[in-house]
>>> print(open('input16.cif').read())   # mmCIF, C-alpha atoms
data_data
loop_
_atom_site.label_atom_id
_atom_site.label_comp_id
_atom_site.auth_asym_id
_atom_site.auth_seq_id
_atom_site.Cartn_x
_atom_site.Cartn_y
_atom_site.Cartn_z
CA MET A 1 48.99 48.90 -20.07
CA PRO A 2 46.35 50.63 -22.16
CA ARG A 3 44.95 53.83 -20.76
CA ASN A 4 41.45 53.61 -19.37
CA ASN A 5 39.61 56.88 -18.89
CA ARG A 6 36.13 55.40 -19.01
CA MET A 7 35.23 56.76 -15.57
CA VAL A 8 36.59 60.24 -16.24
CA GLU A 9 33.87 62.85 -16.68
CA VAL A 10 34.49 65.56 -19.27
CA THR A 11 32.99 68.96 -18.50
CA LEU A 12 33.17 72.38 -20.12
CA ASP A 13 34.09 75.17 -17.71
CA GLU A 14 34.08 78.90 -18.36
CA PRO A 15 31.98 78.61 -21.54
CA TRP A 16 32.06 81.57 -23.91
CA SER A 17 30.77 82.49 -27.34
CA ASP A 18 31.62 85.10 -29.94
CA TRP A 19 30.54 85.82 -33.50
CA GLY A 20 31.04 82.51 -35.30
CA ARG A 21 32.89 80.65 -32.56
CA SER A 22 32.54 79.34 -29.01
CA GLY A 23 34.43 77.30 -26.48
CA GLY A 24 35.66 77.11 -22.91
CA ILE A 25 37.97 75.02 -20.73
CA LEU A 26 37.63 71.25 -21.12
CA VAL A 27 38.18 69.41 -17.85
CA ALA A 28 38.77 65.65 -17.56
CA GLY A 29 40.09 64.62 -14.16
CA GLU A 30 43.36 66.52 -13.70
CA GLN A 31 43.52 67.49 -17.36
CA ARG A 32 42.47 70.98 -18.46
CA LEU A 33 42.55 72.23 -22.03
CA ALA A 34 41.42 75.46 -23.69
CA TRP A 35 38.99 74.54 -26.46
CA GLU A 36 37.43 76.44 -29.34
CA VAL A 37 35.06 75.35 -32.10
CA PRO A 38 34.04 77.35 -35.18
CA THR A 39 30.37 77.67 -34.34
CA MET A 40 28.25 79.67 -31.92
CA SER A 41 25.41 77.15 -32.11
CA ARG A 42 24.90 75.57 -28.70
CA ARG A 43 23.53 72.45 -30.35
CA LEU A 44 26.64 71.98 -32.51
CA LEU A 45 28.92 72.79 -29.57
CA GLU A 46 27.20 70.10 -27.51
CA ARG A 47 27.54 67.64 -30.37
CA ALA A 48 31.30 68.25 -30.51
CA LEU A 49 31.53 67.94 -26.72
CA GLU A 50 29.76 64.57 -26.83
CA SER A 51 32.34 63.39 -29.38
CA VAL A 52 35.17 64.42 -27.04
CA ARG A 53 33.49 62.58 -24.16
CA ALA A 54 33.13 59.44 -26.25
CA ARG A 55 36.81 59.44 -27.21
CA VAL A 56 37.96 60.06 -23.63
CA GLY A 57 35.66 57.24 -22.57
CA ALA A 58 37.38 55.01 -25.13
CA GLY A 59 40.67 55.56 -23.35
CA VAL A 60 42.52 58.40 -25.09
CA SER A 61 43.88 61.52 -23.45
CA LEU A 62 41.95 64.76 -23.53
CA GLY A 63 44.38 66.29 -26.02
CA GLU A 64 44.11 63.30 -28.35
CA ALA A 65 40.34 63.32 -28.00
CA VAL A 66 40.11 66.96 -29.06
CA ALA A 67 42.52 66.44 -31.97
CA GLY A 68 40.43 63.56 -33.27
CA VAL A 69 37.08 65.32 -33.19
CA VAL A 70 35.75 66.57 -36.50
CA ARG A 71 34.91 70.25 -36.23
CA PRO A 72 31.16 70.78 -36.06
CA ALA A 73 29.67 71.89 -39.33
CA GLU A 74 26.07 72.08 -40.35
CA PRO A 75 25.16 74.34 -43.27
CA HIS A 76 23.06 77.40 -42.55
CA ILE A 77 23.04 77.13 -38.76
CA LEU A 78 24.20 80.46 -37.28
CA GLU A 79 26.82 80.93 -40.01
CA VAL A 80 28.38 84.37 -39.56
CA HIS A 81 29.32 86.44 -42.61
CA ARG A 82 31.25 89.68 -42.07
CA VAL A 83 30.34 92.06 -44.87
CA GLY A 84 30.91 95.74 -45.60
CA GLU A 85 30.73 98.57 -43.05
CA GLY A 86 30.93 96.19 -40.12
CA VAL A 87 27.60 94.53 -40.89
CA LEU A 88 27.14 90.90 -39.84
CA VAL A 89 24.78 88.71 -41.84
CA ILE A 90 23.95 85.52 -39.98
CA ASP A 91 22.60 82.65 -42.05
CA ASP A 92 20.34 80.64 -39.75
CA THR A 93 18.03 79.48 -42.52
CA GLY A 94 18.52 75.85 -41.50
CA THR A 95 16.69 76.56 -38.25
CA LEU A 96 12.98 75.79 -38.63
CA GLY A 97 11.76 74.82 -35.15
CA VAL A 98 10.65 77.53 -32.77
CA ASN A 99 12.73 76.18 -29.89
CA ASP A 100 15.98 76.38 -31.89
CA ALA A 101 14.88 79.76 -33.26
CA ALA A 102 14.43 81.08 -29.73
CA THR A 103 17.92 79.85 -28.82
CA SER A 104 19.40 81.57 -31.88
CA LEU A 105 17.68 84.83 -30.92
CA LYS A 106 19.09 84.65 -27.39
CA ILE A 107 22.62 84.01 -28.66
CA VAL A 108 22.57 86.82 -31.23
CA THR A 109 20.95 89.45 -29.02
CA GLY A 110 23.22 88.49 -26.14
CA LEU A 111 26.33 89.04 -28.26
CA ALA A 112 24.95 92.27 -29.70
CA ALA A 113 24.32 93.50 -26.13
CA ARG A 114 22.66 96.71 -27.35
CA GLU A 115 25.93 97.78 -29.00
CA ARG A 116 24.60 96.70 -32.40
CA ARG A 117 21.11 96.87 -33.82
CA VAL A 118 19.59 93.43 -34.43
CA VAL A 119 17.46 92.94 -37.53
CA VAL A 120 15.59 89.64 -37.89
CA ALA A 121 14.09 88.15 -41.05
CA ALA A 122 11.95 85.08 -40.41
CA GLY A 123 9.33 83.00 -42.13
CA ALA A 124 6.75 80.65 -40.67
CA LEU A 125 8.30 78.34 -38.06
CA GLU A 126 7.50 74.84 -36.81
CA PHE A 127 5.56 74.63 -33.54
CA ASP A 128 5.73 71.21 -31.90
CA GLY A 129 4.37 71.83 -28.42
CA GLU A 130 7.73 71.20 -26.73
CA SER A 131 8.93 74.76 -26.17
CA ASP A 132 8.10 77.56 -23.74
CA TYR A 133 7.79 79.73 -26.86
CA ASP A 134 5.62 77.29 -28.77
CA ASN A 135 2.92 79.73 -29.75
CA LEU A 136 3.05 82.89 -31.81
CA GLY A 137 2.23 85.15 -28.90
CA ALA A 138 5.08 83.86 -26.75
CA PHE A 139 7.58 83.94 -29.61
CA GLY A 140 6.58 87.46 -30.59
CA ALA A 141 6.90 88.60 -26.99
CA LEU A 142 10.36 87.03 -26.83
CA MET A 143 11.55 89.15 -29.76
CA VAL A 144 10.39 92.28 -27.97
CA ARG A 145 11.89 91.23 -24.64
CA LEU A 146 15.24 90.51 -26.30
CA ASN A 147 15.28 94.01 -27.83
CA VAL A 148 15.21 92.98 -31.47
CA ASP A 149 15.19 96.29 -33.32
CA GLN A 150 13.26 95.26 -36.43
CA VAL A 151 11.46 92.12 -37.58
CA PHE A 152 10.73 91.35 -41.22
CA ALA A 153 8.20 88.50 -41.46
CA VAL A 154 8.71 87.02 -44.92
CA GLY A 155 6.14 85.19 -47.01
CA PRO A 156 2.36 84.79 -46.89
CA GLU A 157 2.65 82.13 -44.18
CA ALA A 158 4.56 84.56 -41.95
CA ARG A 159 1.80 87.16 -41.73
CA ALA A 160 0.66 85.65 -38.44
CA LEU A 161 4.17 86.17 -37.02
CA PHE A 162 4.10 89.80 -38.15
CA LEU A 163 0.75 90.34 -36.45
CA SER A 164 1.88 88.60 -33.28
CA VAL A 165 4.99 90.74 -32.88
CA GLY A 166 3.09 93.87 -33.79
CA ARG A 167 0.52 93.28 -31.06
CA GLU A 168 3.13 93.87 -28.37
CA GLY A 169 2.23 97.20 -26.80
CA SER A 170 5.80 98.45 -26.54
CA TRP A 171 6.32 98.28 -30.31
CA ASP A 172 5.20 100.65 -33.03
CA GLY A 173 6.25 99.76 -36.56
CA GLU A 174 9.15 97.51 -35.66
CA SER A 175 7.37 94.54 -37.25
CA GLN A 176 6.94 94.50 -41.02
CA HIS A 177 5.37 91.93 -43.35
CA CYS A 178 7.02 91.20 -46.70
CA GLU A 179 5.11 89.11 -49.21
CA SER A 180 8.21 87.75 -50.94
CA VAL A 181 11.96 87.30 -50.59
CA GLU A 182 12.44 90.05 -53.17
CA ASP A 183 10.36 92.49 -51.13
CA ALA A 184 12.22 91.52 -47.96
CA TYR A 185 15.58 92.10 -49.64
CA ASP A 186 14.59 95.61 -50.76
CA ASP A 187 13.20 96.52 -47.33
CA ILE A 188 16.18 95.16 -45.41
CA ARG A 189 18.71 96.86 -47.69
CA ALA A 190 16.90 100.17 -47.15
CA PHE A 191 16.87 99.65 -43.37
CA VAL A 192 20.37 98.32 -42.60
CA ARG A 193 23.02 100.66 -41.19
CA PRO A 194 26.74 100.09 -40.49
CA GLU A 195 27.49 97.65 -37.64
CA ASP A 196 24.01 96.10 -37.76
CA VAL A 197 23.44 92.39 -37.25
CA VAL A 198 21.03 90.80 -39.73
CA LEU A 199 19.78 87.39 -38.61
CA VAL A 200 18.05 85.48 -41.41
CA MET A 201 16.11 82.59 -39.92
CA GLY A 202 14.32 79.68 -41.52
CA SER A 203 10.85 79.21 -42.95
CA THR A 204 8.56 76.24 -43.41
CA GLY A 205 7.14 78.00 -46.47
CA GLN A 206 9.60 79.32 -49.02
CA SER A 207 13.30 79.04 -48.27
CA LEU A 208 14.95 82.22 -47.04
CA LEU A 209 18.41 81.02 -48.05
CA PRO A 210 18.31 83.12 -51.28
CA LEU A 211 17.69 86.17 -49.10
CA ALA A 212 20.68 85.42 -46.88
CA LEU A 213 22.97 84.72 -49.84
CA ARG A 214 21.94 87.87 -51.68
CA LEU A 215 22.48 90.04 -48.61
CA VAL A 216 25.94 88.53 -48.11
CA GLU A 217 26.87 89.12 -51.75
CA ASP A 218 25.47 92.61 -52.13
CA LEU A 219 26.59 93.97 -48.76
CA SER A 220 30.17 92.72 -49.16
#
>>> encode(input="input16.cif", output="structure tokens")
Amino acid sequence: MPRNNRMVEVTLDEPWSDWGRSGGILVAGEQRLAWEVPTMSRRLLERALESVRARVGAGVSLGEAVAGVVRPAEPHILEVHRVGEGVLVIDDTGTLGVNDAATSLKIVTGLAARERRVVVAAGALEFDGESDYDNLGAFGALMVRLNVDQVFAVGPEARALFLSVGREGSWDGESQHCESVEDAYDDIRAFVRPEDVVLVMGSTGQSLLPLALRLVEDLS
């Protein structure tokens, strides 16, 4: 008889994340399986989990379901590059919405856990009214609360972000405005120390991908 697991719920227990990867224990009925995917993006992890659930629902075992799932890949979403002197450059330039940007900040600062300095480069972001951080004041306050060490707001459109972060009373100089990608590159290179984490986020103005790529190349 064909297997029928349509009523079996698939859950992820003991979730964890690390630089460039995440996972946990997949549970489907009596089946348990250690699982790892090459992304620390919660959105991509959830997408992979939904694929596993769909395959288990179609009647295959948990092991077969995992083996048949294409590994999550989406360019420029929390891609981790290990470069020289222990520096991590994280290409998150595909993230444009403020809600996803807030999630990326929480993941990166959580992993850094005050053992590494966190440097953020960001442009203007999309505000859609659907996030708790969906205004510049709230997003700027989040960066301060999460102990981001330095923010480089890149591009003319990002000046408002620079001003918003700088208005937080606990900060003094940790927010800097850069008119161009070239200026941002020079300022970040002068600021970065060994073991730092440099998170390059997206921008609705000019793309910050050239900044991320140049930092990866020149810091390697």
>>> resolve_selection(input="input16.cif", expression="the PyMOL selection byres ((chain A and resi 140) around 8)", output="list in words")
Leu136, Gly137, Ala138, Phe139, Ala141, Leu142, Met143, Val144, Leu161, Ser164, Val165, Gly166 and Glu168 of chain A
>>> residues_near_point(input="input16.cif", point="(23.8, 74.1, -31.0)", cutoff="9 Å", atoms="all atoms listed in the file", output="ChimeraX atom specification")
/A:39-47,77-78,100,103-104
>>> closest_residue(input="input16.cif", among="A:Val198, A:His81, A:Val66, A:Lys106", to="A:Gly20", atoms="all atoms listed in the file")
A:His81
>>> residues_around(input="input16.cif", residues="stretch 180-182 of chain A", least_positions_apart="3", cutoff="7 Å", atoms="only C-alpha atoms", output="PyMOL selection string")
chain A and resi 154-155+185-186+208+211
>>> residues_around(input="input16.cif", residues="A:Leu125", least_positions_apart="2", cutoff="12 Å", atoms="only C-alpha atoms", output="PyMOL selection string")
chain A and resi 93-102+121-123+127-128+133-136+139-140+153-155+157-161+201-208
>>> residues_around(input="input16.cif", residues="A:Val8", least_positions_apart="2", cutoff="12 Å", atoms="only C-alpha atoms", output="VMD selection string")
chain A and resid 3 to 6 10 to 11 27 to 31 52 to 62
>>> write_last_selection(input="input16.cif", atoms="C-alpha atoms", output="PDB file, keeping the file's coordinate frame")
ATOM      1  CA  ARG A   3      44.950  53.830 -20.760  1.00  0.00           C
ATOM      2  CA  ASN A   4      41.450  53.610 -19.370  1.00  0.00           C
ATOM      3  CA  ASN A   5      39.610  56.880 -18.890  1.00  0.00           C
ATOM      4  CA  ARG A   6      36.130  55.400 -19.010  1.00  0.00           C
ATOM      5  CA  VAL A  10      34.490  65.560 -19.270  1.00  0.00           C
ATOM      6  CA  THR A  11      32.990  68.960 -18.500  1.00  0.00           C
ATOM      7  CA  VAL A  27      38.180  69.410 -17.850  1.00  0.00           C
ATOM      8  CA  ALA A  28      38.770  65.650 -17.560  1.00  0.00           C
ATOM      9  CA  GLY A  29      40.090  64.620 -14.160  1.00  0.00           C
ATOM     10  CA  GLU A  30      43.360  66.520 -13.700  1.00  0.00           C
ATOM     11  CA  GLN A  31      43.520  67.490 -17.360  1.00  0.00           C
ATOM     12  CA  VAL A  52      35.170  64.420 -27.040  1.00  0.00           C
ATOM     13  CA  ARG A  53      33.490  62.580 -24.160  1.00  0.00           C
ATOM     14  CA  ALA A  54      33.130  59.440 -26.250  1.00  0.00           C
ATOM     15  CA  ARG A  55      36.810  59.440 -27.210  1.00  0.00           C
ATOM     16  CA  VAL A  56      37.960  60.060 -23.630  1.00  0.00           C
ATOM     17  CA  GLY A  57      35.660  57.240 -22.570  1.00  0.00           C
ATOM     18  CA  ALA A  58      37.380  55.010 -25.130  1.00  0.00           C
ATOM     19  CA  GLY A  59      40.670  55.560 -23.350  1.00  0.00           C
ATOM     20  CA  VAL A  60      42.520  58.400 -25.090  1.00  0.00           C
ATOM     21  CA  SER A  61      43.880  61.520 -23.450  1.00  0.00           C
ATOM     22  CA  LEU A  62      41.950  64.760 -23.530  1.00  0.00           C
TER      23      LEU A  62
END
>>> closest_residue(input="input16.cif", among="A:Val119, A:Leu146, A:Val151, A:Val80", to="A:Arg193", atoms="only C-alpha atoms")
A:Val119
>>> atom_distance(input="input16.cif", atom1="atom CA of A:Ala113", atom2="atom CA of A:Leu33")
28.3 Å
>>> atom_distance(input="input16.cif", atom1="atom CA of A:Asp149", atom2="atom CA of A:Val108")
12.2 Å
>>> closest_residue(input="input16.cif", among="A:Glu36, A:Asp196, A:Asp18, A:Glu50", to="A:Glu79", atoms="all atoms listed in the file")
A:Asp18
>>> resolve_selection(input="input16.cif", expression="the PyMOL selection byres ((chain A and resi 212-217) around 7)", output="PyMOL selection string")
chain A and resi 81+83+89+91+200+208-211+218-220
>>> write_last_selection(input="input16.cif", atoms="C-alpha atoms", output="short mmCIF file (atom, residue, chain, number, x, y, z; two decimals), in the coordinates of the input")
data_model
loop_
_atom_site.label_atom_id
_atom_site.label_comp_id
_atom_site.auth_asym_id
_atom_site.auth_seq_id
_atom_site.Cartn_x
_atom_site.Cartn_y
_atom_site.Cartn_z
CA HIS A 81 29.32 86.44 -42.61
CA VAL A 83 30.34 92.06 -44.87
CA VAL A 89 24.78 88.71 -41.84
CA ASP A 91 22.60 82.65 -42.05
CA VAL A 200 18.05 85.48 -41.41
CA LEU A 208 14.95 82.22 -47.04
CA LEU A 209 18.41 81.02 -48.05
CA PRO A 210 18.31 83.12 -51.28
CA LEU A 211 17.69 86.17 -49.10
CA ASP A 218 25.47 92.61 -52.13
CA LEU A 219 26.59 93.97 -48.76
CA SER A 220 30.17 92.72 -49.16
#
>>> closest_residue(input="input16.cif", among="A:Arg116, A:Leu111, A:Gly84, A:Glu126", to="A:Arg21", atoms="all atoms listed in the file")
A:Leu111
>>> atom_distance(input="input16.cif", atom1="atom CA of A:Glu195", atom2="atom CA of A:Ile107")
17.0 Å
>>> residues_around(input="input16.cif", residues="A:Val37", least_positions_apart="3", cutoff="7 Å", atoms="all atoms listed in the file", output="list in words")
Arg21, Ser22, Gly23 and Arg71 of chain A
>>> decode(input="input16.cif", residues="stretch 96-136 of chain A", atoms="N, CA and C atoms", output="PDB file, in the first residue's frame")
ATOM      1  N   LEU A  96      15.034  44.980   0.822  1.00  0.00           N
ATOM      2  CA  LEU A  96      14.642  46.369   0.619  1.00  0.00           C
ATOM      3  C   LEU A  96      13.572  46.833   1.600  1.00  0.00           C
ATOM      4  N   GLY A  97      12.707  45.915   2.036  1.00  0.00           N
ATOM      5  CA  GLY A  97      11.622  46.283   2.936  1.00  0.00           C
ATOM      6  C   GLY A  97      12.095  46.405   4.365  1.00  0.00           C
ATOM      7  N   VAL A  98      11.515  47.345   5.096  1.00  0.00           N
ATOM      8  CA  VAL A  98      11.980  47.606   6.460  1.00  0.00           C
ATOM      9  C   VAL A  98      11.710  46.434   7.396  1.00  0.00           C
ATOM     10  N   ASN A  99      10.641  45.676   7.154  1.00  0.00           N
ATOM     11  CA  ASN A  99      10.360  44.542   8.025  1.00  0.00           C
ATOM     12  C   ASN A  99      11.440  43.476   7.898  1.00  0.00           C
ATOM     13  N   ASP A 100      11.811  43.134   6.650  1.00  0.00           N
ATOM     14  CA  ASP A 100      12.889  42.161   6.444  1.00  0.00           C
ATOM     15  C   ASP A 100      14.221  42.720   6.940  1.00  0.00           C
ATOM     16  N   ALA A 101      14.426  44.025   6.780  1.00  0.00           N
ATOM     17  CA  ALA A 101      15.663  44.637   7.257  1.00  0.00           C
ATOM     18  C   ALA A 101      15.766  44.532   8.769  1.00  0.00           C
ATOM     19  N   ALA A 102      14.663  44.736   9.465  1.00  0.00           N
ATOM     20  CA  ALA A 102      14.658  44.605  10.922  1.00  0.00           C
ATOM     21  C   ALA A 102      14.985  43.175  11.337  1.00  0.00           C
ATOM     22  N   THR A 103      14.439  42.201  10.612  1.00  0.00           N
ATOM     23  CA  THR A 103      14.734  40.798  10.912  1.00  0.00           C
ATOM     24  C   THR A 103      16.212  40.498  10.701  1.00  0.00           C
ATOM     25  N   SER A 104      16.775  41.005   9.612  1.00  0.00           N
ATOM     26  CA  SER A 104      18.208  40.796   9.355  1.00  0.00           C
ATOM     27  C   SER A 104      19.053  41.388  10.476  1.00  0.00           C
ATOM     28  N   LEU A 105      18.710  42.575  10.924  1.00  0.00           N
ATOM     29  CA  LEU A 105      19.447  43.203  12.020  1.00  0.00           C
ATOM     30  C   LEU A 105      19.406  42.342  13.277  1.00  0.00           C
ATOM     31  N   LYS A 106      18.234  41.808  13.592  1.00  0.00           N
ATOM     32  CA  LYS A 106      18.094  40.989  14.802  1.00  0.00           C
ATOM     33  C   LYS A 106      18.942  39.724  14.701  1.00  0.00           C
ATOM     34  N   ILE A 107      18.947  39.097  13.522  1.00  0.00           N
ATOM     35  CA  ILE A 107      19.741  37.879  13.337  1.00  0.00           C
ATOM     36  C   ILE A 107      21.225  38.174  13.501  1.00  0.00           C
ATOM     37  N   VAL A 108      21.702  39.207  12.828  1.00  0.00           N
ATOM     38  CA  VAL A 108      23.135  39.508  12.825  1.00  0.00           C
ATOM     39  C   VAL A 108      23.603  39.952  14.207  1.00  0.00           C
ATOM     40  N   THR A 109      22.879  40.854  14.837  1.00  0.00           N
ATOM     41  CA  THR A 109      23.308  41.318  16.164  1.00  0.00           C
ATOM     42  C   THR A 109      23.174  40.211  17.203  1.00  0.00           C
ATOM     43  N   GLY A 110      22.194  39.328  17.026  1.00  0.00           N
ATOM     44  CA  GLY A 110      22.062  38.210  17.952  1.00  0.00           C
ATOM     45  C   GLY A 110      23.242  37.266  17.872  1.00  0.00           C
ATOM     46  N   LEU A 111      23.706  36.986  16.642  1.00  0.00           N
ATOM     47  CA  LEU A 111      24.857  36.103  16.476  1.00  0.00           C
ATOM     48  C   LEU A 111      26.144  36.775  16.937  1.00  0.00           C
ATOM     49  N   ALA A 112      26.241  38.081  16.706  1.00  0.00           N
ATOM     50  CA  ALA A 112      27.443  38.799  17.148  1.00  0.00           C
ATOM     51  C   ALA A 112      27.526  38.836  18.662  1.00  0.00           C
ATOM     52  N   ALA A 113      26.389  38.977  19.327  1.00  0.00           N
ATOM     53  CA  ALA A 113      26.274  38.883  20.795  1.00  0.00           C
ATOM     54  C   ALA A 113      27.353  39.671  21.525  1.00  0.00           C
ATOM     55  N   ARG A 114      27.640  40.874  21.024  1.00  0.00           N
ATOM     56  CA  ARG A 114      28.613  41.774  21.640  1.00  0.00           C
ATOM     57  C   ARG A 114      30.044  41.232  21.626  1.00  0.00           C
ATOM     58  N   GLU A 115      30.268  40.090  20.980  1.00  0.00           N
ATOM     59  CA  GLU A 115      31.628  39.575  20.843  1.00  0.00           C
ATOM     60  C   GLU A 115      32.293  40.123  19.578  1.00  0.00           C
ATOM     61  N   ARG A 116      31.507  40.645  18.678  1.00  0.00           N
ATOM     62  CA  ARG A 116      32.002  41.271  17.462  1.00  0.00           C
ATOM     63  C   ARG A 116      31.331  42.635  17.307  1.00  0.00           C
ATOM     64  N   ARG A 117      32.046  43.598  16.789  1.00  0.00           N
ATOM     65  CA  ARG A 117      31.399  44.854  16.441  1.00  0.00           C
ATOM     66  C   ARG A 117      30.543  44.645  15.189  1.00  0.00           C
ATOM     67  N   VAL A 118      29.389  45.315  15.157  1.00  0.00           N
ATOM     68  CA  VAL A 118      28.495  45.233  14.010  1.00  0.00           C
ATOM     69  C   VAL A 118      28.454  46.590  13.316  1.00  0.00           C
ATOM     70  N   VAL A 119      28.824  46.585  12.045  1.00  0.00           N
ATOM     71  CA  VAL A 119      28.824  47.779  11.212  1.00  0.00           C
ATOM     72  C   VAL A 119      27.748  47.597  10.146  1.00  0.00           C
ATOM     73  N   VAL A 120      26.858  48.572  10.010  1.00  0.00           N
ATOM     74  CA  VAL A 120      25.751  48.463   9.066  1.00  0.00           C
ATOM     75  C   VAL A 120      25.861  49.560   8.020  1.00  0.00           C
ATOM     76  N   ALA A 121      25.769  49.157   6.744  1.00  0.00           N
ATOM     77  CA  ALA A 121      25.621  50.108   5.639  1.00  0.00           C
ATOM     78  C   ALA A 121      24.227  49.908   5.061  1.00  0.00           C
ATOM     79  N   ALA A 122      23.471  50.981   4.946  1.00  0.00           N
ATOM     80  CA  ALA A 122      22.100  50.867   4.454  1.00  0.00           C
ATOM     81  C   ALA A 122      21.736  52.087   3.646  1.00  0.00           C
ATOM     82  N   GLY A 123      20.864  51.874   2.660  1.00  0.00           N
ATOM     83  CA  GLY A 123      20.315  52.979   1.898  1.00  0.00           C
ATOM     84  C   GLY A 123      18.901  53.259   2.356  1.00  0.00           C
ATOM     85  N   ALA A 124      18.137  53.921   1.512  1.00  0.00           N
ATOM     86  CA  ALA A 124      16.731  54.163   1.803  1.00  0.00           C
ATOM     87  C   ALA A 124      15.966  52.848   1.675  1.00  0.00           C
ATOM     88  N   LEU A 125      15.058  52.582   2.597  1.00  0.00           N
ATOM     89  CA  LEU A 125      14.305  51.331   2.610  1.00  0.00           C
ATOM     90  C   LEU A 125      12.836  51.579   2.277  1.00  0.00           C
ATOM     91  N   GLU A 126      12.135  50.488   1.960  1.00  0.00           N
ATOM     92  CA  GLU A 126      10.706  50.575   1.653  1.00  0.00           C
ATOM     93  C   GLU A 126       9.896  50.514   2.943  1.00  0.00           C
ATOM     94  N   PHE A 127       8.974  51.431   3.111  1.00  0.00           N
ATOM     95  CA  PHE A 127       8.070  51.448   4.252  1.00  0.00           C
ATOM     96  C   PHE A 127       6.659  51.200   3.731  1.00  0.00           C
ATOM     97  N   ASP A 128       6.043  50.118   4.202  1.00  0.00           N
ATOM     98  CA  ASP A 128       4.735  49.737   3.651  1.00  0.00           C
ATOM     99  C   ASP A 128       3.603  49.775   4.673  1.00  0.00           C
ATOM    100  N   GLY A 129       3.899  50.215   5.888  1.00  0.00           N
ATOM    101  CA  GLY A 129       2.848  50.309   6.887  1.00  0.00           C
ATOM    102  C   GLY A 129       2.486  49.005   7.564  1.00  0.00           C
ATOM    103  N   GLU A 130       3.257  47.936   7.326  1.00  0.00           N
ATOM    104  CA  GLU A 130       2.909  46.627   7.868  1.00  0.00           C
ATOM    105  C   GLU A 130       3.900  46.133   8.916  1.00  0.00           C
ATOM    106  N   SER A 131       4.768  47.002   9.395  1.00  0.00           N
ATOM    107  CA  SER A 131       5.798  46.592  10.339  1.00  0.00           C
ATOM    108  C   SER A 131       5.767  47.473  11.571  1.00  0.00           C
ATOM    109  N   ASP A 132       6.168  46.896  12.707  1.00  0.00           N
ATOM    110  CA  ASP A 132       6.308  47.683  13.933  1.00  0.00           C
ATOM    111  C   ASP A 132       7.404  48.734  13.788  1.00  0.00           C
ATOM    112  N   TYR A 133       8.287  48.554  12.809  1.00  0.00           N
ATOM    113  CA  TYR A 133       9.406  49.469  12.620  1.00  0.00           C
ATOM    114  C   TYR A 133       9.201  50.332  11.380  1.00  0.00           C
ATOM    115  N   ASP A 134       7.929  50.487  10.976  1.00  0.00           N
ATOM    116  CA  ASP A 134       7.644  51.094   9.691  1.00  0.00           C
ATOM    117  C   ASP A 134       7.628  52.621   9.716  1.00  0.00           C
ATOM    118  N   ASN A 135       8.564  53.191  10.446  1.00  0.00           N
ATOM    119  CA  ASN A 135       8.848  54.609  10.312  1.00  0.00           C
ATOM    120  C   ASN A 135      10.311  54.803  10.688  1.00  0.00           C
ATOM    121  N   LEU A 136      10.886  55.881  10.233  1.00  0.00           N
ATOM    122  CA  LEU A 136      12.325  56.069  10.418  1.00  0.00           C
ATOM    123  C   LEU A 136      12.715  56.127  11.884  1.00  0.00           C
TER     124      LEU A 136
END
